[in-house]
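Next comes upload34.txt, with compact mmCIF, C-alpha atoms and all ligand atoms.
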```
# COMPACT_ATOMS: atom_id res chain seq x y z
CA MET A 1 0.00 0.00 0.00
CA LYS A 2 1.18 3.53 -0.77
CA ASP A 3 1.24 4.76 2.81
CA GLY A 4 3.03 1.57 3.90
CA THR A 5 0.14 0.27 6.04
CA ALA A 6 -1.54 -2.98 5.02
CA ARG A 7 -5.33 -2.74 4.59
CA ARG A 8 -7.04 -4.80 7.24
CA THR A 9 -9.91 -7.03 6.25
CA PRO A 10 -12.92 -7.20 8.61
CA LEU A 11 -11.77 -10.69 9.64
CA VAL A 12 -8.31 -9.49 10.59
CA GLU A 13 -9.95 -6.67 12.56
CA GLU A 14 -12.15 -9.20 14.31
CA ARG A 15 -9.16 -11.39 15.02
CA ARG A 16 -7.48 -8.44 16.74
CA ARG A 17 -10.50 -7.89 18.97
CA VAL A 18 -11.15 -11.53 19.86
CA PRO A 19 -8.57 -13.29 22.06
CA ALA A 20 -6.83 -16.27 20.38
CA GLU A 21 -8.59 -18.81 22.55
CA GLU A 22 -12.00 -17.45 21.52
CA TRP A 23 -11.49 -17.90 17.78
CA TRP A 24 -14.79 -19.75 17.57
CA ARG A 25 -16.55 -16.38 18.11
CA THR A 26 -15.59 -15.47 14.54
CA GLU A 27 -17.38 -18.46 13.09
CA GLY A 28 -20.58 -16.80 11.83
CA GLY A 29 -22.13 -19.97 10.44
CA PHE A 30 -18.79 -21.34 9.32
CA PHE A 31 -19.33 -24.76 10.83
CA LEU A 32 -22.70 -25.04 9.18
CA LEU A 33 -21.11 -24.46 5.79
CA THR A 34 -17.94 -26.45 6.10
CA GLU A 35 -18.11 -29.02 8.82
CA ALA A 36 -21.12 -30.89 7.50
CA HIS A 37 -18.90 -32.47 4.85
CA ARG A 38 -16.97 -34.08 7.68
CA ALA A 39 -20.10 -35.88 8.83
CA GLU A 40 -18.59 -39.26 7.93
CA GLU A 41 -16.07 -38.73 10.72
CA GLY A 42 -18.86 -39.11 13.31
CA PRO A 43 -19.48 -42.83 12.65
CA LYS A 44 -15.70 -43.50 12.51
CA ALA A 45 -15.22 -41.82 15.88
CA ALA A 46 -18.17 -43.67 17.43
CA ALA A 47 -16.88 -47.04 16.12
CA PHE A 48 -13.43 -46.36 17.60
CA LEU A 49 -14.91 -45.33 20.95
CA GLU A 50 -17.16 -48.38 21.08
CA LYS A 51 -14.18 -50.72 20.46
CA VAL A 52 -11.76 -49.01 22.79
CA LEU A 53 -14.02 -48.11 25.71
CA ARG A 54 -16.10 -51.33 25.61
CA LEU A 55 -18.91 -49.71 27.58
CA PRO A 56 -22.33 -51.37 27.64
CA PRO A 57 -25.27 -49.58 25.97
CA GLY A 58 -26.92 -47.26 28.44
CA SER A 59 -23.55 -45.99 29.71
CA ARG A 60 -23.35 -42.25 30.23
CA LEU A 61 -21.05 -40.20 28.02
CA LEU A 62 -20.11 -36.54 28.10
CA ASP A 63 -19.08 -35.01 24.75
CA MET A 64 -17.38 -31.77 25.76
CA ALA A 65 -17.14 -29.13 22.98
CA CYS A 66 -19.42 -31.35 20.89
CA GLY A 67 -19.91 -28.83 18.06
CA TRP A 68 -22.94 -29.82 16.00
CA GLY A 69 -22.96 -33.24 17.65
CA ARG A 70 -21.63 -35.41 14.82
CA VAL A 71 -20.10 -37.76 17.43
CA SER A 72 -22.81 -37.34 20.10
CA VAL A 73 -25.56 -38.33 17.67
CA GLU A 74 -23.69 -41.44 16.50
CA LEU A 75 -22.99 -42.52 20.06
CA ALA A 76 -26.64 -42.01 20.98
CA ALA A 77 -27.58 -44.16 17.97
CA LYS A 78 -25.44 -46.93 19.50
CA GLY A 79 -27.52 -46.80 22.66
CA TYR A 80 -25.37 -44.60 24.91
CA ARG A 81 -26.88 -41.83 27.01
CA VAL A 82 -25.06 -38.75 25.76
CA VAL A 83 -24.78 -35.20 27.03
CA GLY A 84 -23.11 -32.82 24.55
CA VAL A 85 -21.83 -29.44 25.69
CA ASP A 86 -20.75 -26.56 23.48
CA CYS A 87 -20.64 -22.80 23.81
CA SER A 88 -21.78 -22.08 20.29
CA LYS A 89 -25.04 -21.82 18.41
CA VAL A 90 -24.16 -24.84 16.25
CA LEU A 91 -25.89 -26.86 18.98
CA ARG A 92 -29.13 -25.96 17.20
CA LEU A 93 -28.01 -27.96 14.18
CA GLY A 94 -27.15 -30.85 16.51
CA ARG A 95 -30.69 -30.84 17.91
CA LEU A 96 -32.11 -30.99 14.38
CA LEU A 97 -29.80 -33.86 13.42
CA ALA A 98 -30.68 -35.81 16.55
CA GLN A 99 -34.37 -35.33 15.77
CA GLN A 100 -33.85 -36.51 12.18
CA ARG A 101 -31.95 -39.59 13.36
CA GLY A 102 -34.65 -40.26 15.96
CA VAL A 103 -32.17 -40.33 18.85
CA VAL A 104 -32.16 -38.54 22.18
CA VAL A 105 -29.10 -36.43 22.94
CA ASP A 106 -29.00 -33.84 25.67
CA LEU A 107 -27.25 -30.89 23.99
CA VAL A 108 -26.55 -28.07 26.40
CA ARG A 109 -24.84 -24.74 26.08
CA GLY A 110 -21.84 -24.31 28.37
CA ASP A 111 -18.27 -23.10 28.62
CA MET A 112 -15.72 -25.84 29.22
CA ARG A 113 -13.57 -23.44 31.24
CA ARG A 114 -16.31 -23.20 33.84
CA TRP A 115 -17.79 -26.69 33.55
CA SER A 116 -18.61 -28.54 36.71
CA CYS A 117 -20.96 -31.46 37.35
CA PRO A 118 -21.17 -34.48 39.66
CA PRO A 119 -19.06 -37.51 38.59
CA VAL A 120 -21.91 -39.30 36.85
CA PHE A 121 -20.31 -40.12 33.48
CA ASP A 122 -18.65 -43.39 32.50
CA ALA A 123 -16.52 -41.56 29.96
CA ALA A 124 -15.97 -38.05 28.65
CA LEU A 125 -14.65 -36.86 25.30
CA LEU A 126 -12.68 -33.89 24.09
CA TRP A 127 -13.02 -34.91 20.46
CA GLY A 128 -11.98 -33.33 17.14
CA MET A 129 -9.14 -31.18 18.50
CA SER A 130 -11.21 -29.66 21.26
CA PHE A 131 -8.26 -29.52 23.67
CA GLY A 132 -5.63 -26.79 23.60
CA TYR A 133 -7.52 -23.56 22.91
CA PHE A 134 -6.53 -21.70 26.04
CA SER A 135 -3.46 -20.82 28.09
CA ASP A 136 -1.46 -23.77 29.32
CA ARG A 137 -2.88 -23.37 32.83
CA GLN A 138 -6.48 -23.17 31.55
CA ASN A 139 -6.01 -26.19 29.27
CA VAL A 140 -5.02 -28.30 32.29
CA GLU A 141 -7.97 -26.86 34.24
CA VAL A 142 -10.38 -27.87 31.46
CA LEU A 143 -8.96 -31.38 31.57
CA ARG A 144 -9.34 -31.44 35.34
CA HIS A 145 -13.00 -30.28 35.16
CA VAL A 146 -13.79 -32.85 32.48
CA GLY A 147 -11.95 -35.55 34.46
CA ARG A 148 -14.01 -34.77 37.55
CA SER A 149 -17.22 -35.33 35.59
CA VAL A 150 -16.45 -39.05 35.25
CA ARG A 151 -16.78 -41.62 38.01
CA PRO A 152 -13.61 -43.03 39.61
CA GLY A 153 -12.22 -45.51 37.06
CA GLY A 154 -14.07 -43.69 34.25
CA ARG A 155 -12.23 -42.61 31.10
CA VAL A 156 -11.47 -39.31 29.38
CA VAL A 157 -10.70 -39.49 25.66
CA LEU A 158 -8.79 -36.85 23.72
CA ASP A 159 -8.68 -36.77 19.92
CA LEU A 160 -5.87 -34.48 18.85
CA HIS A 161 -3.84 -33.12 15.97
CA HIS A 162 -0.49 -34.84 15.65
CA ARG A 163 1.71 -31.76 15.90
CA ASP A 164 4.61 -33.19 13.88
CA TRP A 165 2.30 -34.13 11.01
CA TYR A 166 0.73 -30.66 10.95
CA LEU A 167 4.11 -28.92 10.99
CA ALA A 168 5.42 -31.14 8.21
CA ASN A 169 2.30 -31.20 6.02
CA TYR A 170 -0.12 -28.42 6.80
CA LEU A 171 1.70 -25.08 6.85
CA GLY A 172 0.90 -22.79 3.91
CA GLU A 173 -2.16 -22.88 1.62
CA HIS A 174 -4.60 -25.70 1.03
CA VAL A 175 -7.43 -25.71 -1.45
CA ASP A 176 -10.13 -28.35 -1.56
CA LEU A 177 -13.44 -28.83 -3.38
CA VAL A 178 -16.17 -29.84 -0.97
CA GLN A 179 -19.70 -30.43 -2.18
CA GLY A 180 -19.33 -27.85 -4.96
CA LYS A 181 -17.73 -25.27 -2.66
CA VAL A 182 -14.11 -24.18 -2.55
CA SER A 183 -12.49 -24.53 0.82
CA HIS A 184 -9.25 -22.59 1.34
CA ASP A 185 -7.02 -22.82 4.41
CA GLU A 186 -3.96 -20.76 5.14
CA ALA A 187 -1.97 -22.13 8.07
CA THR A 188 0.93 -20.59 9.98
CA PHE A 189 2.71 -21.74 13.10
CA ASP A 190 3.55 -19.30 15.87
CA LEU A 191 6.74 -20.73 17.32
CA SER A 192 6.81 -18.55 20.43
CA GLY A 193 3.27 -19.48 21.53
CA GLY A 194 3.34 -23.00 20.04
CA ARG A 195 0.06 -22.25 18.24
CA LEU A 196 -1.19 -23.34 14.84
CA ASN A 197 -3.25 -20.51 13.33
CA ILE A 198 -5.48 -21.29 10.37
CA LEU A 199 -7.49 -18.82 8.34
CA SER A 200 -10.25 -20.77 6.58
CA THR A 201 -12.40 -19.44 3.75
CA VAL A 202 -15.28 -21.07 1.91
CA ALA A 203 -16.36 -19.74 -1.48
CA ASP A 204 -19.04 -20.82 -3.92
CA GLY A 205 -18.27 -22.11 -7.45
CA GLN A 206 -18.11 -18.50 -8.71
CA GLY A 207 -15.52 -17.50 -6.11
CA LYS A 208 -17.95 -15.54 -3.89
CA VAL A 209 -16.81 -15.81 -0.26
CA LEU A 210 -19.53 -17.48 1.81
CA ALA A 211 -17.81 -17.71 5.17
CA ARG A 212 -14.50 -17.12 6.86
CA GLN A 213 -13.12 -18.17 10.17
CA TRP A 214 -9.79 -18.35 11.88
CA HIS A 215 -8.78 -21.15 14.22
CA SER A 216 -6.00 -21.12 16.79
CA PHE A 217 -4.81 -24.28 18.51
CA ARG A 218 -2.04 -24.79 21.03
CA GLU A 219 -0.19 -27.71 19.47
CA TYR A 220 1.44 -29.85 22.14
CA THR A 221 3.89 -32.66 21.47
CA PRO A 222 2.57 -36.09 22.58
CA GLU A 223 4.87 -35.97 25.63
CA GLU A 224 3.50 -32.55 26.58
CA VAL A 225 -0.09 -33.77 26.28
CA LEU A 226 0.58 -36.80 28.47
CA SER A 227 2.25 -34.65 31.10
CA ARG A 228 -0.82 -32.34 31.14
CA VAL A 229 -3.13 -35.35 31.44
CA ARG A 230 -1.21 -36.40 34.55
CA SER A 231 -1.16 -32.84 35.92
CA ALA A 232 -4.96 -32.89 35.67
CA GLY A 233 -5.05 -35.88 38.04
CA LEU A 234 -5.64 -38.55 35.37
CA GLU A 235 -3.70 -41.69 34.46
CA VAL A 236 -2.72 -42.51 30.89
CA ALA A 237 -4.41 -45.81 29.95
CA SER A 238 -3.43 -46.02 26.26
CA VAL A 239 -2.36 -44.02 23.23
CA HIS A 240 -3.67 -44.60 19.67
CA ALA A 241 -2.81 -43.32 16.21
CA SER A 242 -5.34 -42.38 13.49
CA LEU A 243 -8.26 -44.15 15.22
CA GLU A 244 -6.49 -47.50 15.33
CA PRO A 245 -8.04 -49.44 18.25
CA ARG A 246 -4.76 -51.26 18.88
CA PRO A 247 -2.58 -49.02 21.08
CA CYS A 248 0.40 -47.47 19.27
CA PRO A 249 2.13 -44.07 19.33
CA PRO A 250 1.54 -41.72 16.37
CA GLY A 251 4.08 -42.00 13.52
CA PRO A 252 5.01 -39.52 10.75
CA ALA A 253 2.01 -40.52 8.59
CA ASP A 254 -0.59 -40.01 11.36
CA SER A 255 -2.40 -36.68 11.32
CA SER A 256 -4.41 -37.48 14.44
CA TRP A 257 -3.86 -39.38 17.65
CA GLN A 258 -6.01 -40.32 20.61
CA VAL A 259 -5.33 -40.58 24.33
CA ILE A 260 -7.42 -42.71 26.66
CA ALA A 261 -6.97 -41.37 30.19
CA ARG A 262 -8.49 -42.81 33.33
CA ARG A 263 -9.69 -41.18 36.52
CA PRO A 264 -7.93 -43.08 39.32
CA ARG A 265 -10.18 -45.59 41.09
CA SER A 266 -9.12 -44.39 44.50
CA LEU A 267 -9.42 -40.65 44.83
CA ARG A 268 -6.99 -38.50 46.76
CA PRO A 269 -8.37 -37.19 50.11
CA THR A 270 -8.84 -33.70 48.63
CA GLU A 271 -10.91 -35.15 45.75
CA ARG A 272 -13.12 -37.05 48.22
CA GLY A 273 -13.89 -33.71 49.83
CA LEU A 274 -11.69 -34.50 52.86
CA ARG A 275 -9.25 -31.91 54.09
CA THR A 276 -5.60 -32.83 54.39
CA ALA A 277 -3.79 -31.89 57.59
C1 LIG A 301 -13.00 -28.20 16.36
S1 LIG A 301 -14.66 -28.13 16.97
C2 LIG A 301 -14.92 -29.83 17.43
C3 LIG A 301 -16.37 -30.18 17.59
C4 LIG A 301 -16.69 -31.64 17.92
N1 LIG A 301 -16.01 -32.10 19.10
C5 LIG A 301 -16.44 -32.54 16.73
O1 LIG A 301 -15.54 -33.38 16.79
O2 LIG A 301 -17.16 -32.38 15.75
C6 LIG A 301 -14.43 -27.33 18.53
C7 LIG A 301 -15.69 -26.93 19.25
O3 LIG A 301 -15.30 -26.35 20.50
C8 LIG A 301 -16.28 -25.38 20.83
N2 LIG A 301 -15.73 -24.51 21.88
C9 LIG A 301 -14.74 -23.58 21.75
N3 LIG A 301 -14.52 -22.98 22.93
C10 LIG A 301 -15.39 -23.53 23.81
C11 LIG A 301 -15.64 -23.30 25.20
N4 LIG A 301 -14.97 -22.40 25.90
N5 LIG A 301 -16.58 -24.07 25.82
C12 LIG A 301 -17.31 -24.99 25.11
N6 LIG A 301 -17.12 -25.23 23.80
C13 LIG A 301 -16.16 -24.51 23.15
C14 LIG A 301 -16.55 -24.70 19.51
O4 LIG A 301 -17.79 -24.03 19.53
C15 LIG A 301 -16.52 -25.89 18.54
O5 LIG A 301 -17.83 -26.41 18.35
```
Would you mind writing the file's structure down as structure tokens?
Ligand SMILES: C[S@@+](CC[C@H](N)C(=O)[O-])C[C@H]1O[C@@H](n2cnc3c(N)ncnc32)[C@H](O)[C@@H]1O
Amino acid sequence: MKDGTARRTPLVEERRRVPAEEWWRTEGGFFLLTEAHRAEEGPKAAAFLEKVLRLPPGSRLLDMACGWGRVSVELAAKGYRVVGVDCSKVLRLGRLLAQQRGVVVDLVRGDMRRWSCPPVFDAALLWGMSFGYFSDRQNVEVLRHVGRSVRPGGRVVLDLHHRDWYLANYLGEHVDLVQGKVSHDEATFDLSGGRLNILSTVADGQGKVLARQWHSFREYTPEEVLSRVRSAGLEVASVHASLEPRPCPPGPADSSWQVIARRPRSLRPTERGLRTA
């Protein structure tokens, strides 16, 4: 630009106003336009969870940051009693989908940073890269809150980006054709904050921009995730790569990995509500 200042688009302006961890506030219908094409990931996730958790139908599951419920609805269809929590309006779409599938899912609006409930769940999920939005301290707190929602011996499942894969394969521009729409991602990695920032745009066949959103994830190494799981008072039960039910650490070709954590069966005195001397 002539005066040396770059023109700021409304999205960049919005990004300046909204803190990194609240990137979802910029969504403006984005999930409705783009995420629906990832619907097939719901059944894959539910099949993995069924095999790995081996919980009987009727077990109670918490799907924290459930989005539009692609996983919640599939789990409900398998006979689990599911509560999905999300802070965004995409829950409305989840309610519609559940109705269409003829399943009951309790989809409630809530903020995972302030979540608290009695330990009634057999397992809880932070699925689809729903862990790592906040400061390091807050991320561990979220994990602790979610962990306290499951009964002693209950599991917490994380489905995460494999950081090494994203750094090796996802930085720069990506263009995809999805159901007649052009999906464009521009990804950068902020080394100092350890965050992957993605600006996503969806346009119609004529190039008209339909929606834009930026995403910002704290990308931990597997070792860092496991150390945060333990800091949140959970034990690591197993680690999986790319939804493989057999435990194995993620390799260079795996873009996602999963952690099955367990709430210890015997709680510490402070967790039982007893005061330590
Ligand atoms: C990447 S999406 C994953 C959605 C879902 N788990 C799935 O696999 O389809 C992340 C979700 O986290 C939600 N989210 C972001 N911050 C949140 C918060 N503070 N409390 C609850 N949900 C939040 C967003 O609204 C979004 O639906």
Which residues, written as a PDB file with C-alpha atoms, in the frame of the given file, have at least one atom at most 10 Å from Ala45 of chain A, with all atoms listed in the file counted and residues fewer than 5 positions away on the same chain left out?
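This is the output file out.pdb:
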```pdb
ATOM      1  CA  GLU A  40     -18.590 -39.260   7.930  1.00  0.00           C
ATOM      2  CA  GLU A  50     -17.160 -48.380  21.080  1.00  0.00           C
ATOM      3  CA  ARG A  70     -21.630 -35.410  14.820  1.00  0.00           C
ATOM      4  CA  VAL A  71     -20.100 -37.760  17.430  1.00  0.00           C
ATOM      5  CA  SER A  72     -22.810 -37.340  20.100  1.00  0.00           C
ATOM      6  CA  GLU A  74     -23.690 -41.440  16.500  1.00  0.00           C
ATOM      7  CA  LEU A  75     -22.990 -42.520  20.060  1.00  0.00           C
ATOM      8  CA  TRP A 127     -13.020 -34.910  20.460  1.00  0.00           C
ATOM      9  CA  GLY A 128     -11.980 -33.330  17.140  1.00  0.00           C
ATOM     10  CA  ASP A 159      -8.680 -36.770  19.920  1.00  0.00           C
ATOM     11  CA  LEU A 243      -8.260 -44.150  15.220  1.00  0.00           C
TER      12      LEU A 243
END
```
Around ligand LIG 301 (chain A), which protein and nucleic acid residues have at least one atom no more than 8 Å from it, if we count only C-alpha atoms and all ligand atoms? List them as a ChimeraX atom specification. /A:21-25,31,35,42,63-71,85-90,109-113,125-130,133
Using only C-alpha atoms, which of the listed residues (A:Leu96, A:Val83, A:Leu171, A:Ala261) sits closest to Val156 of chain A? A:Ala261
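Minimum distance to Val146 of chain A across A:Phe48, A:Phe121, A:Tyr170, A:Tyr220 (counting all atoms listed in the file) occurs at A:Phe121.
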Show me, as a ChimeraX atom specification, the residues that have an atom within 9 Å of Asp164 of chain A when counting all atoms listed in the file, minus same-chain residues fewer than 4 positions from it. /A:168-169,221,251-252,254-255
Let me make sure I understand: among A:Thr201, A:Leu53, A:Gly79, A:Val108, which one has the smallest atom-to-atom distance to Arg92 of chain A if we use all atoms listed in the file?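 The closest residue to Arg92 of chain A is A:Val108.
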What is the atom CA of Gly58 of chain A to atom CA of Val236 of chain A distance in Å?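 Computing the Euclidean distance for atom CA of Gly58 of chain A and atom CA of Val236 of chain A yields 24.8 Å.
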Report as a PyMOL selection string all protein, DNA and RNA residues lying within 6 Å of Ala241 of chain A, evaluated on all atoms listed in the file, omitting residues in the same chain fewer than 6 positions from it. chain A and resi 249-250+257
Let me make sure I understand: among A:Ser116, A:Gln100, A:Ser242, A:Asn139, which one has the smallest atom-to-atom distance to Ser227 of chain A if we use all atoms listed in the file? A:Asn139
Which residue, A:Leu210, A:Cys248, A:Leu62, A:Val259, has the smallest gap to Phe131 of chain A when you use only C-alpha atoms? A:Val259
Record the distance separating atom CA of Leu107 of chain A and atom CA of Lys44 of chain A, expressed in Å with one decimal.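 Atom-to-atom, atom CA of Leu107 of chain A to atom CA of Lys44 of chain A, that is 20.6 Å.
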